[in-house]
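J.: So I've got this file, work_31.cif, and it contains mmCIF, C-alpha atoms:
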```
data_final
#
loop_
_atom_site.group_PDB
_atom_site.id
_atom_site.type_symbol
_atom_site.label_atom_id
_atom_site.label_comp_id
_atom_site.auth_asym_id
_atom_site.auth_seq_id
_atom_site.Cartn_x
_atom_site.Cartn_y
_atom_site.Cartn_z
ATOM 1 C CA MET A 1 0.673 23.215 21.728
ATOM 2 C CA GLU A 2 4.092 24.475 20.745
ATOM 3 C CA THR A 3 7.123 22.728 22.159
ATOM 4 C CA PRO A 4 10.507 24.471 22.317
ATOM 5 C CA GLN A 5 13.577 22.602 21.155
ATOM 6 C CA GLN A 6 15.205 20.722 24.005
ATOM 7 C CA VAL A 7 18.892 21.367 24.649
ATOM 8 C CA PRO A 8 20.765 18.160 25.586
ATOM 9 C CA GLU A 9 22.505 18.018 28.931
ATOM 10 C CA ASP A 10 26.307 18.072 29.040
ATOM 11 C CA GLY A 11 27.697 14.753 27.889
ATOM 12 C CA ALA A 12 24.408 13.664 26.331
ATOM 13 C CA SER A 13 24.140 12.801 22.657
ATOM 14 C CA PRO A 14 22.693 15.668 20.604
ATOM 15 C CA GLU A 15 19.297 15.297 18.994
ATOM 16 C CA PRO A 16 19.453 13.872 15.448
ATOM 17 C CA GLU A 17 19.207 16.457 12.685
ATOM 18 C CA LEU A 18 15.593 17.464 12.167
ATOM 19 C CA GLU A 19 13.995 15.888 9.095
ATOM 20 C CA ALA A 20 12.144 18.923 7.829
ATOM 21 C CA LEU A 21 11.077 20.299 4.462
ATOM 22 C CA VAL A 22 11.159 24.079 4.325
ATOM 23 C CA VAL A 23 7.966 25.256 2.626
ATOM 24 C CA ALA A 24 7.766 28.981 3.354
ATOM 25 C CA SER A 25 9.034 31.949 5.312
ATOM 26 C CA GLY A 26 7.112 33.322 8.258
ATOM 27 C CA SER A 27 5.096 31.911 11.106
ATOM 28 C CA ARG A 28 3.072 28.712 11.032
ATOM 29 C CA PRO A 29 -0.549 28.758 9.834
ATOM 30 C CA THR A 30 -3.251 28.696 12.474
ATOM 31 C CA THR A 31 -6.233 27.710 10.308
ATOM 32 C CA SER A 32 -6.818 24.978 7.753
ATOM 33 C CA ASP A 33 -7.250 27.512 4.953
ATOM 34 C CA GLU A 34 -3.915 29.147 5.841
ATOM 35 C CA ALA A 35 -2.239 25.717 5.819
ATOM 36 C CA ALA A 36 -3.674 24.947 2.385
ATOM 37 C CA ALA A 37 -2.494 28.310 1.049
ATOM 38 C CA VAL A 38 1.069 27.749 2.316
ATOM 39 C CA LEU A 39 1.304 24.337 0.668
ATOM 40 C CA GLU A 40 -0.254 25.559 -2.577
ATOM 41 C CA ARG A 41 2.337 28.342 -2.875
ATOM 42 C CA PHE A 42 5.086 25.790 -2.212
ATOM 43 C CA LEU A 43 3.860 23.471 -4.969
ATOM 44 C CA ARG A 44 3.361 26.290 -7.452
ATOM 45 C CA GLU A 45 6.532 28.289 -6.813
ATOM 46 C CA THR A 46 9.198 26.031 -5.298
ATOM 47 C CA VAL A 47 8.669 22.651 -6.963
ATOM 48 C CA PRO A 48 8.722 23.602 -10.719
ATOM 49 C CA PRO A 49 12.346 24.887 -10.735
ATOM 50 C CA ILE A 50 13.467 21.605 -9.122
ATOM 51 C CA PHE A 51 11.974 19.507 -11.921
ATOM 52 C CA ALA A 52 13.387 21.933 -14.499
ATOM 53 C CA LEU A 53 16.892 20.757 -13.517
ATOM 54 C CA ASP A 54 16.085 17.072 -14.111
ATOM 55 C CA PRO A 55 17.195 15.957 -17.619
ATOM 56 C CA THR A 56 15.383 12.600 -17.381
ATOM 57 C CA MET A 57 11.894 14.103 -17.521
ATOM 58 C CA ASP A 58 9.899 17.157 -18.486
ATOM 59 C CA VAL A 59 7.271 18.105 -15.894
ATOM 60 C CA ARG A 60 4.772 20.879 -16.501
ATOM 61 C CA GLY A 61 1.656 22.071 -14.715
ATOM 62 C CA PHE A 62 2.725 22.281 -11.076
ATOM 63 C CA ASP A 63 2.016 26.014 -11.254
ATOM 64 C CA ALA A 64 -1.689 25.109 -11.585
ATOM 65 C CA ALA A 65 -1.793 22.835 -8.519
ATOM 66 C CA ARG A 66 -4.646 23.474 -6.103
ATOM 67 C CA VAL A 67 -4.718 22.672 -2.382
ATOM 68 C CA THR A 68 -7.889 22.821 -0.303
ATOM 69 C CA ALA A 69 -8.617 21.779 3.268
ATOM 70 C CA HIS A 70 -11.692 20.191 4.790
ATOM 71 C CA PRO A 71 -12.522 19.648 8.478
ATOM 72 C CA LEU A 72 -12.478 16.192 10.029
ATOM 73 C CA ALA A 73 -13.269 15.059 13.564
ATOM 74 C CA GLY A 74 -12.304 17.496 16.307
ATOM 75 C CA ASP A 75 -9.592 19.916 15.225
ATOM 76 C CA LEU A 76 -8.155 17.559 12.591
ATOM 77 C CA MET A 77 -8.234 18.378 8.913
ATOM 78 C CA GLY A 78 -7.824 16.705 5.555
ATOM 79 C CA LEU A 79 -5.955 18.143 2.600
ATOM 80 C CA ASP A 80 -6.974 17.703 -1.039
ATOM 81 C CA LEU A 81 -4.231 18.222 -3.610
ATOM 82 C CA ASP A 82 -5.475 18.625 -7.171
ATOM 83 C CA PHE A 83 -2.828 18.040 -9.865
ATOM 84 C CA THR A 84 -5.251 17.810 -12.789
ATOM 85 C CA GLY A 85 -3.471 18.945 -15.946
ATOM 86 C CA LEU A 86 0.005 17.958 -14.754
ATOM 87 C CA GLU A 87 2.125 16.629 -17.654
ATOM 88 C CA VAL A 88 5.108 14.288 -17.260
ATOM 89 C CA THR A 89 7.236 13.221 -20.238
ATOM 90 C CA LEU A 90 10.128 10.784 -19.732
ATOM 91 C CA ASP A 91 13.264 10.727 -21.892
ATOM 92 C CA PRO A 92 14.377 7.069 -22.237
ATOM 93 C CA THR A 93 17.661 8.087 -23.907
ATOM 94 C CA VAL A 94 18.946 9.918 -20.801
ATOM 95 C CA VAL A 95 20.724 7.621 -18.370
ATOM 96 C CA ASP A 96 22.189 10.270 -16.067
ATOM 97 C CA THR A 97 21.139 10.158 -12.434
ATOM 98 C CA PRO A 98 18.688 12.980 -11.663
ATOM 99 C CA PRO A 99 20.190 15.691 -9.446
ATOM 100 C CA THR A 100 19.320 15.731 -5.756
ATOM 101 C CA PRO A 101 16.759 18.476 -5.067
ATOM 102 C CA ASP A 102 18.367 21.477 -3.410
ATOM 103 C CA PHE A 103 15.919 22.640 -0.742
ATOM 104 C CA PRO A 104 16.726 25.416 1.747
ATOM 105 C CA ALA A 105 18.481 24.138 4.855
ATOM 106 C CA PHE A 106 16.447 24.197 8.052
ATOM 107 C CA GLY A 107 18.152 26.124 10.860
ATOM 108 C CA THR A 108 17.825 25.673 14.601
ATOM 109 C CA GLU A 109 14.341 24.651 15.602
ATOM 110 C CA VAL A 110 12.667 27.156 17.897
ATOM 111 C CA SER A 111 9.103 25.833 17.992
ATOM 112 C CA ARG A 112 7.008 22.940 16.860
ATOM 113 C CA ALA A 113 3.262 22.204 16.686
ATOM 114 C CA ASP A 114 1.125 19.341 15.466
ATOM 115 C CA ALA A 115 0.018 20.102 11.910
ATOM 116 C CA LYS A 116 -3.346 18.431 12.675
ATOM 117 C CA VAL A 117 -3.374 16.799 9.235
ATOM 118 C CA ALA A 118 -5.088 13.406 9.421
ATOM 119 C CA GLU A 119 -5.560 12.664 5.713
ATOM 120 C CA VAL A 120 -3.992 13.775 2.438
ATOM 121 C CA ARG A 121 -5.634 12.976 -0.881
ATOM 122 C CA ALA A 122 -3.815 13.817 -4.106
ATOM 123 C CA ARG A 123 -5.852 13.576 -7.296
ATOM 124 C CA ALA A 124 -5.317 14.225 -10.975
ATOM 125 C CA LEU A 125 -8.291 13.657 -13.264
ATOM 126 C CA PRO A 126 -6.302 13.321 -15.389
ATOM 127 C CA ILE A 127 -2.533 13.648 -15.131
ATOM 128 C CA ARG A 128 -0.838 13.297 -18.522
ATOM 129 C CA ILE A 129 2.081 10.845 -18.462
ATOM 130 C CA GLN A 130 3.937 10.158 -21.706
ATOM 131 C CA ASP A 131 0.939 11.397 -23.719
ATOM 132 C CA VAL A 132 -1.391 9.103 -21.757
ATOM 133 C CA ASP A 133 -4.278 10.546 -19.752
ATOM 134 C CA VAL A 134 -4.118 8.752 -16.394
ATOM 135 C CA ASP A 135 -6.756 9.158 -13.701
ATOM 136 C CA ALA A 136 -4.778 8.996 -10.461
ATOM 137 C CA THR A 137 -5.791 9.125 -6.810
ATOM 138 C CA VAL A 138 -3.351 8.680 -3.923
ATOM 139 C CA THR A 139 -4.794 8.688 -0.404
ATOM 140 C CA ALA A 140 -2.709 8.745 2.778
ATOM 141 C CA THR A 141 -4.315 8.351 6.196
ATOM 142 C CA GLY A 142 -2.842 8.608 9.669
ATOM 143 C CA VAL A 143 -0.443 11.396 8.700
ATOM 144 C CA HIS A 144 2.374 12.176 11.164
ATOM 145 C CA VAL A 145 3.749 15.662 10.495
ATOM 146 C CA ASP A 146 4.380 18.802 12.521
ATOM 147 C CA TRP A 147 4.830 22.450 11.682
ATOM 148 C CA ALA A 148 8.329 23.521 12.723
ATOM 149 C CA GLU A 149 9.834 27.022 12.815
ATOM 150 C CA ASP A 150 13.536 27.805 12.896
ATOM 151 C CA ASP A 151 15.679 30.742 13.994
ATOM 152 C CA LEU A 152 15.929 31.921 10.364
ATOM 153 C CA GLY A 153 12.221 32.659 10.158
ATOM 154 C CA GLN A 154 11.520 29.586 8.026
ATOM 155 C CA LEU A 155 8.491 27.332 8.241
ATOM 156 C CA ALA A 156 8.833 23.616 7.574
ATOM 157 C CA LEU A 157 6.884 20.388 7.563
ATOM 158 C CA ALA A 158 8.730 18.116 9.992
ATOM 159 C CA LEU A 159 8.375 14.394 10.530
ATOM 160 C CA LYS A 160 7.261 13.517 14.028
ATOM 161 C CA ARG A 161 9.611 11.885 16.519
ATOM 162 C CA GLY A 162 8.875 8.836 18.627
ATOM 163 C CA THR A 163 10.710 6.118 20.526
ATOM 164 C CA ALA A 164 11.531 2.509 19.688
ATOM 165 C CA GLY A 165 13.576 0.312 21.986
ATOM 166 C CA GLY A 166 14.318 3.329 24.124
ATOM 167 C CA GLU A 167 15.855 5.200 21.171
ATOM 168 C CA ALA A 168 14.498 8.324 19.495
ATOM 169 C CA VAL A 169 13.263 7.534 15.987
ATOM 170 C CA THR A 170 11.528 9.349 13.181
ATOM 171 C CA VAL A 171 7.927 8.213 12.785
ATOM 172 C CA PHE A 172 6.963 7.098 9.270
ATOM 173 C CA PRO A 173 4.723 9.865 7.896
ATOM 174 C CA VAL A 174 1.567 7.781 7.263
ATOM 175 C CA ASP A 175 -0.241 4.721 8.632
ATOM 176 C CA ALA A 176 -1.915 3.636 5.389
ATOM 177 C CA LEU A 177 -1.660 4.463 1.702
ATOM 178 C CA SER A 178 -3.694 3.597 -1.376
ATOM 179 C CA ILE A 179 -2.747 4.244 -5.006
ATOM 180 C CA ASP A 180 -5.431 4.012 -7.700
ATOM 181 C CA LEU A 181 -4.547 4.432 -11.403
ATOM 182 C CA SER A 182 -6.521 3.935 -14.607
ATOM 183 C CA ALA A 183 -6.019 4.705 -18.302
ATOM 184 C CA GLN A 184 -7.119 3.636 -21.774
ATOM 185 C CA GLN A 185 -5.268 0.444 -22.765
ATOM 186 C CA GLN A 186 -4.636 1.625 -26.338
ATOM 187 C CA ALA A 187 -3.071 4.854 -25.103
ATOM 188 C CA VAL A 188 -0.830 2.920 -22.697
ATOM 189 C CA SER A 189 0.180 0.520 -25.486
ATOM 190 C CA ASP A 190 1.026 3.396 -27.850
ATOM 191 C CA ALA A 191 3.158 5.062 -25.178
ATOM 192 C CA VAL A 192 5.050 1.827 -24.408
ATOM 193 C CA VAL A 193 5.708 1.254 -28.108
ATOM 194 C CA LYS A 194 7.084 4.771 -28.491
ATOM 195 C CA LEU A 195 9.377 4.365 -25.473
ATOM 196 C CA VAL A 196 10.689 1.002 -26.715
ATOM 197 C CA GLN A 197 11.316 2.375 -30.196
ATOM 198 C CA GLU A 198 13.192 5.410 -28.876
ATOM 199 C CA SER A 199 15.249 3.333 -26.457
ATOM 200 C CA ALA A 200 16.062 0.746 -29.156
ATOM 201 C CA ALA A 201 17.097 3.471 -31.609
ATOM 202 C CA SER A 202 19.605 4.802 -29.084
ATOM 203 C CA GLN A 203 21.159 1.299 -29.071
ATOM 204 C CA GLY A 204 21.319 1.015 -32.864
ATOM 205 C CA PHE A 205 18.138 -1.057 -33.369
ATOM 206 C CA ARG A 206 14.945 -0.249 -35.235
ATOM 207 C CA VAL A 207 11.541 -1.515 -34.147
ATOM 208 C CA PRO A 208 9.302 -0.717 -37.136
ATOM 209 C CA ARG A 209 6.366 -2.678 -35.691
ATOM 210 C CA LEU A 210 5.402 -3.468 -32.119
ATOM 211 C CA GLU A 211 1.991 -4.361 -30.676
ATOM 212 C CA PHE A 212 0.869 -5.047 -27.096
ATOM 213 C CA GLU A 213 -2.447 -6.566 -26.125
ATOM 214 C CA LEU A 214 -3.693 -7.463 -22.643
ATOM 215 C CA THR A 215 -6.912 -9.382 -21.920
ATOM 216 C CA GLN A 216 -8.439 -10.491 -18.635
ATOM 217 C CA ALA A 217 -7.773 -14.113 -17.618
ATOM 218 C CA GLY A 218 -9.975 -14.765 -14.617
ATOM 219 C CA PRO A 219 -10.415 -12.463 -11.619
ATOM 220 C CA ARG A 220 -6.673 -12.025 -10.990
ATOM 221 C CA GLY A 221 -5.031 -12.903 -14.274
ATOM 222 C CA VAL A 222 -4.133 -11.414 -17.633
ATOM 223 C CA HIS A 223 -3.178 -12.787 -21.052
ATOM 224 C CA VAL A 224 -0.132 -11.006 -22.511
ATOM 225 C CA HIS A 225 0.406 -10.862 -26.293
ATOM 226 C CA VAL A 226 3.400 -8.959 -27.690
ATOM 227 C CA SER A 227 4.371 -9.047 -31.369
ATOM 228 C CA GLY A 228 6.775 -6.984 -33.390
ATOM 229 C CA LYS A 229 9.691 -6.726 -35.753
ATOM 230 C CA VAL A 230 13.251 -5.806 -34.837
ATOM 231 C CA LYS A 231 15.902 -4.688 -37.358
ATOM 232 C CA ARG A 232 19.575 -3.846 -37.204
ATOM 233 C CA GLY A 233 21.238 -2.948 -40.440
ATOM 234 C CA LEU A 234 20.165 -5.468 -43.090
ATOM 235 C CA LEU A 235 19.128 -8.060 -40.505
ATOM 236 C CA GLY A 236 15.561 -8.299 -39.235
ATOM 237 C CA ALA A 237 13.335 -10.656 -37.312
ATOM 238 C CA SER A 238 9.663 -10.929 -36.439
ATOM 239 C CA LEU A 239 8.979 -12.009 -32.854
ATOM 240 C CA LEU A 240 5.910 -13.116 -30.909
ATOM 241 C CA PHE A 241 5.812 -13.439 -27.111
ATOM 242 C CA THR A 242 2.818 -14.771 -25.209
ATOM 243 C CA THR A 243 2.198 -15.704 -21.599
ATOM 244 C CA GLU A 244 -0.493 -15.703 -18.950
ATOM 245 C CA ALA A 245 0.168 -13.820 -15.705
ATOM 246 C CA GLN A 246 -1.739 -14.940 -12.612
ATOM 247 C CA LEU A 247 -1.657 -13.143 -9.264
ATOM 248 C CA GLY A 248 -2.013 -15.409 -6.222
ATOM 249 C CA ASP A 249 -3.379 -14.567 -2.794
ATOM 250 C CA ASP A 250 0.267 -14.435 -1.666
ATOM 251 C CA LEU A 251 0.677 -11.422 -4.008
ATOM 252 C CA LYS A 252 3.092 -13.352 -6.208
ATOM 253 C CA MET A 253 2.715 -13.001 -9.974
ATOM 254 C CA ARG A 254 3.355 -16.209 -11.888
ATOM 255 C CA LEU A 255 3.994 -16.282 -15.636
ATOM 256 C CA LEU A 256 2.416 -19.402 -17.127
ATOM 257 C CA LYS A 257 3.498 -21.016 -20.408
ATOM 258 C CA PRO A 258 5.776 -18.224 -21.658
ATOM 259 C CA ALA A 259 6.425 -18.685 -25.391
ATOM 260 C CA LEU A 260 8.723 -16.840 -27.793
ATOM 261 C CA THR A 261 8.328 -17.652 -31.493
ATOM 262 C CA SER A 262 8.866 -16.114 -34.927
ATOM 263 C CA HIS A 263 7.063 -16.247 -38.268
ATOM 264 C CA ASN A 264 10.500 -16.489 -39.860
ATOM 265 C CA PRO A 265 11.365 -20.233 -39.886
ATOM 266 C CA ILE A 266 15.107 -19.579 -39.657
ATOM 267 C CA ILE A 267 14.678 -17.297 -36.647
ATOM 268 C CA GLY A 268 12.255 -19.838 -35.196
ATOM 269 C CA LEU A 269 14.962 -22.520 -35.317
ATOM 270 C CA LEU A 270 17.433 -20.181 -33.655
ATOM 271 C CA LEU A 271 14.927 -19.493 -30.880
ATOM 272 C CA LEU A 272 14.781 -23.189 -30.049
ATOM 273 C CA ALA A 273 18.191 -22.816 -28.440
ATOM 274 C CA VAL A 274 17.063 -20.050 -26.083
ATOM 275 C CA ARG A 275 13.454 -21.083 -25.442
ATOM 276 C CA LYS A 276 14.373 -23.350 -22.535
ATOM 277 C CA GLN A 277 16.557 -20.611 -21.053
ATOM 278 C CA ILE A 278 13.699 -18.102 -21.289
ATOM 279 C CA ARG A 279 11.351 -20.455 -19.466
ATOM 280 C CA GLU A 280 14.004 -21.042 -16.815
ATOM 281 C CA GLU A 281 14.439 -17.295 -16.323
ATOM 282 C CA LEU A 282 10.686 -16.755 -15.953
ATOM 283 C CA LYS A 283 9.847 -19.746 -13.773
ATOM 284 C CA ASP A 284 10.255 -17.906 -10.470
ATOM 285 C CA PRO A 285 7.216 -15.859 -9.428
ATOM 286 C CA ILE A 286 7.420 -12.085 -9.176
ATOM 287 C CA ASP A 287 6.774 -11.091 -5.574
ATOM 288 C CA LEU A 288 4.770 -7.866 -5.701
ATOM 289 C CA ARG A 289 5.395 -7.425 -1.990
ATOM 290 C CA ASP A 290 8.810 -6.165 -3.075
ATOM 291 C CA LEU A 291 6.889 -2.998 -3.992
ATOM 292 C CA GLN A 292 6.615 -2.255 -0.279
ATOM 293 C CA LEU A 293 7.203 1.267 1.020
ATOM 294 C CA ASP A 294 9.128 0.361 4.151
ATOM 295 C CA PRO A 295 7.806 0.144 6.814
ATOM 296 C CA LEU A 296 4.440 0.002 5.018
ATOM 297 C CA LYS A 297 3.641 -3.417 3.606
ATOM 298 C CA LEU A 298 1.680 -4.100 0.454
ATOM 299 C CA ASP A 299 -1.662 -5.591 1.581
ATOM 300 C CA ASP A 300 -3.543 -6.020 -1.657
ATOM 301 C CA VAL A 301 -3.341 -5.523 -5.416
ATOM 302 C CA GLN A 302 -6.399 -5.194 -7.625
ATOM 303 C CA PHE A 303 -6.458 -4.757 -11.384
ATOM 304 C CA GLU A 304 -8.919 -4.711 -14.256
ATOM 305 C CA VAL A 305 -8.008 -5.338 -17.887
ATOM 306 C CA GLY A 306 -10.221 -4.171 -20.732
ATOM 307 C CA GLU A 307 -10.536 -1.040 -22.833
ATOM 308 C CA ARG A 308 -9.289 0.665 -19.682
ATOM 309 C CA LEU A 309 -6.519 -0.636 -17.451
ATOM 310 C CA ARG A 310 -6.958 -0.093 -13.715
ATOM 311 C CA LEU A 311 -4.492 -0.801 -10.934
ATOM 312 C CA ARG A 312 -4.955 -0.297 -7.178
ATOM 313 C CA LEU A 313 -2.269 -0.841 -4.534
ATOM 314 C CA ASP A 314 -3.124 -0.793 -0.821
ATOM 315 C CA TYR A 315 -0.453 -0.413 1.872
ATOM 316 C CA SER A 316 -0.603 -0.409 5.652
#
```
Would you write out, as structure tokens, the structure that this file holds?
T.:
Amino acid sequence: METPQQVPEDGASPEPELEALVVASGSRPTTSDEAAAVLERFLRETVPPIFALDPTMDVRGFDAARVTAHPLAGDLMGLDLDFTGLEVTLDPTVVDTPPTPDFPAFGTEVSRADAKVAEVRARALPIRIQDVDVDATVTATGVHVDWAEDDLGQLALALKRGTAGGEAVTVFPVDALSIDLSAQQQAVSDAVVKLVQESAASQGFRVPRLEFELTQAGPRGVHVHVSGKVKRGLLGASLLFTTEAQLGDDLKMRLLKPALTSHNPIIGLLLLAVRKQIREELKDPIDLRDLQLDPLKLDDVQFEVGERLRLRLDYS
């Protein structure tokens, strides 16, 4: 059911500005297929020019995005977003802040209706990130969005409104979210090495050799082995860093027995002075709950380490 915008009584505080993303011109879709078509056009036509203005990354393939809808219980629907073939390349030498996307401004709301979207699943099998083929699936359930139309003939996706403590608030758009990523370990290692080398070169260092290796250490642990050589001018040093990372049930990652050494005996002696400091810096656990998407809280983290690396984050 559509609901007209309410006009506040004299002396009353005006409604907060509508949080809406303009996605098209024209009236709201009335079927799931029409909704999918509107969103597909938005992803293919509106999003690519926005990324084209960002100097920190090169994003290609949004023009091939596919959106399909499938029926759920009652009149609810799910949306499947397919980003297979999307390519993202980061530039580690650019430190400028990306520009804020310039979306069309939403005018005065004239009508609103429940979008009837209960689930959104975005998949890319694969998406290519920094020359790494990553299988990615992001699933959001309990979606809270409306279709909103304004007096300019624009159609937008608007966040739903609710109340908390007697005050009008914007409802967070989802109730639960899961993120599932996997990729070949060697490809990930090669990409990390390339990024480190490019970033180091911009700071006047050369990293002619760098190797990463991760191996499983129990059900929720991983052995980390990093070796390489760093040069600046005529000076160079070989370095070896090892540790074991263990994830506890409290979702805190602890680094056990971190060690930094060198095959060069002179460099090894110099490292004696900083070894204690390194251990002091790494003694505090890393709380993965800091990865929360407020107000969603991180419930669980699962990972697998082998020829393929897999990471799953669950929020609710």
J.: Rounded to one decimal, what separation in Å do you get between atom CA of A:Gln130 and atom CA of A:Pro49?
T.: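 Those two atoms sit 20.2 Å apart.
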J.: So, counting only C-alpha atoms, which residue among A:Gly204, A:Pro295, A:Gly107, A:Gly221 is closest to A:Leu251?
T.: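 Nearest to A:Leu251: A:Gly221.
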J.: Under the PyMOL selection byres ((chain A and resi 69) around 9), which residues of this model are included? Write them out as a ChimeraX atom specification.
T.: /A:32-33,35-36,67-68,70-71,77-81
J.: For the point (12.7, 2.4, -26.6) in file coordinates, what residues are within 12 Å, counting only C-alpha atoms? Give the answer as a list in words?
T.: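 Final list of nearby residues, as requested, is Leu90, Asp91, Pro92, Thr93, Val94, Asp190, Ala191, Val192, Val193, Lys194, Leu195, Val196, Gln197, Glu198, Ser199, Ala200, Ala201, Ser202, Gln203, Gly204, Phe205, Arg206, Val207, Pro208, Leu210 and Val230 of chain A.
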J.: Have a look at A:Ala156, A:Leu72, A:Met57, A:Val117 and name the one nearest to A:Ala105; count all atoms listed in the file.
T.: A:Ala156
J.: At what distance in Å, to one decimal, does atom CA of A:Lys276 lie from atom CA of A:Pro219?
T.: 29.2 Å
J.: For the structure provided, state which residues fall under the PyMOL selection byres ((chain A and resi 38-44) around 8), and present them as a list of chain:residue names.
T.: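 Taken on the displayed file, the PyMOL selection byres ((chain A and resi 38-44) around 8) yields the residues A:Val23, A:Ala24, A:Pro29, A:Glu34, A:Ala35, A:Ala36, A:Ala37, A:Glu45, A:Thr46, A:Val47, A:Pro48, A:Phe62, A:Asp63, A:Ala64, A:Ala65, A:Arg66, A:Val67.
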J.: Taking the file as shown, find all residues satisfying the PyMOL selection byres ((chain A and resi 313) around 7) and write them as a ChimeraX atom specification.
T.: /A:178-180,300-302,311-312,314-315
J.: Please report the interatomic distance between atom CA of A:Pro104 and atom CA of A:Leu152 in Å with one decimal.
T.: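 One can read the atom CA of A:Pro104 to atom CA of A:Leu152 distance as 10.8 Å.
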J.: Tell me which protein, DNA and RNA residues are within 8 Å of A:Pro101, counting all atoms listed in the file, leaving out same-chain ones fewer than 2 positions away, and put them as a short mmCIF file (atom, residue, chain, number, x, y, z; two decimals) with C-alpha atoms, in the coordinates of the input.
T.:
```
data_model
loop_
_atom_site.label_atom_id
_atom_site.label_comp_id
_atom_site.auth_asym_id
_atom_site.auth_seq_id
_atom_site.Cartn_x
_atom_site.Cartn_y
_atom_site.Cartn_z
CA ILE A 50 13.47 21.60 -9.12
CA PRO A 99 20.19 15.69 -9.45
CA PHE A 103 15.92 22.64 -0.74
#
```
J.: Can you tell me which residues surround A:Leu255 at a distance of at most 8 Å, considering all atoms listed in the file, apart from same-chain residues fewer than 3 positions away, and format the answer as a count of residues only?
T.: 8
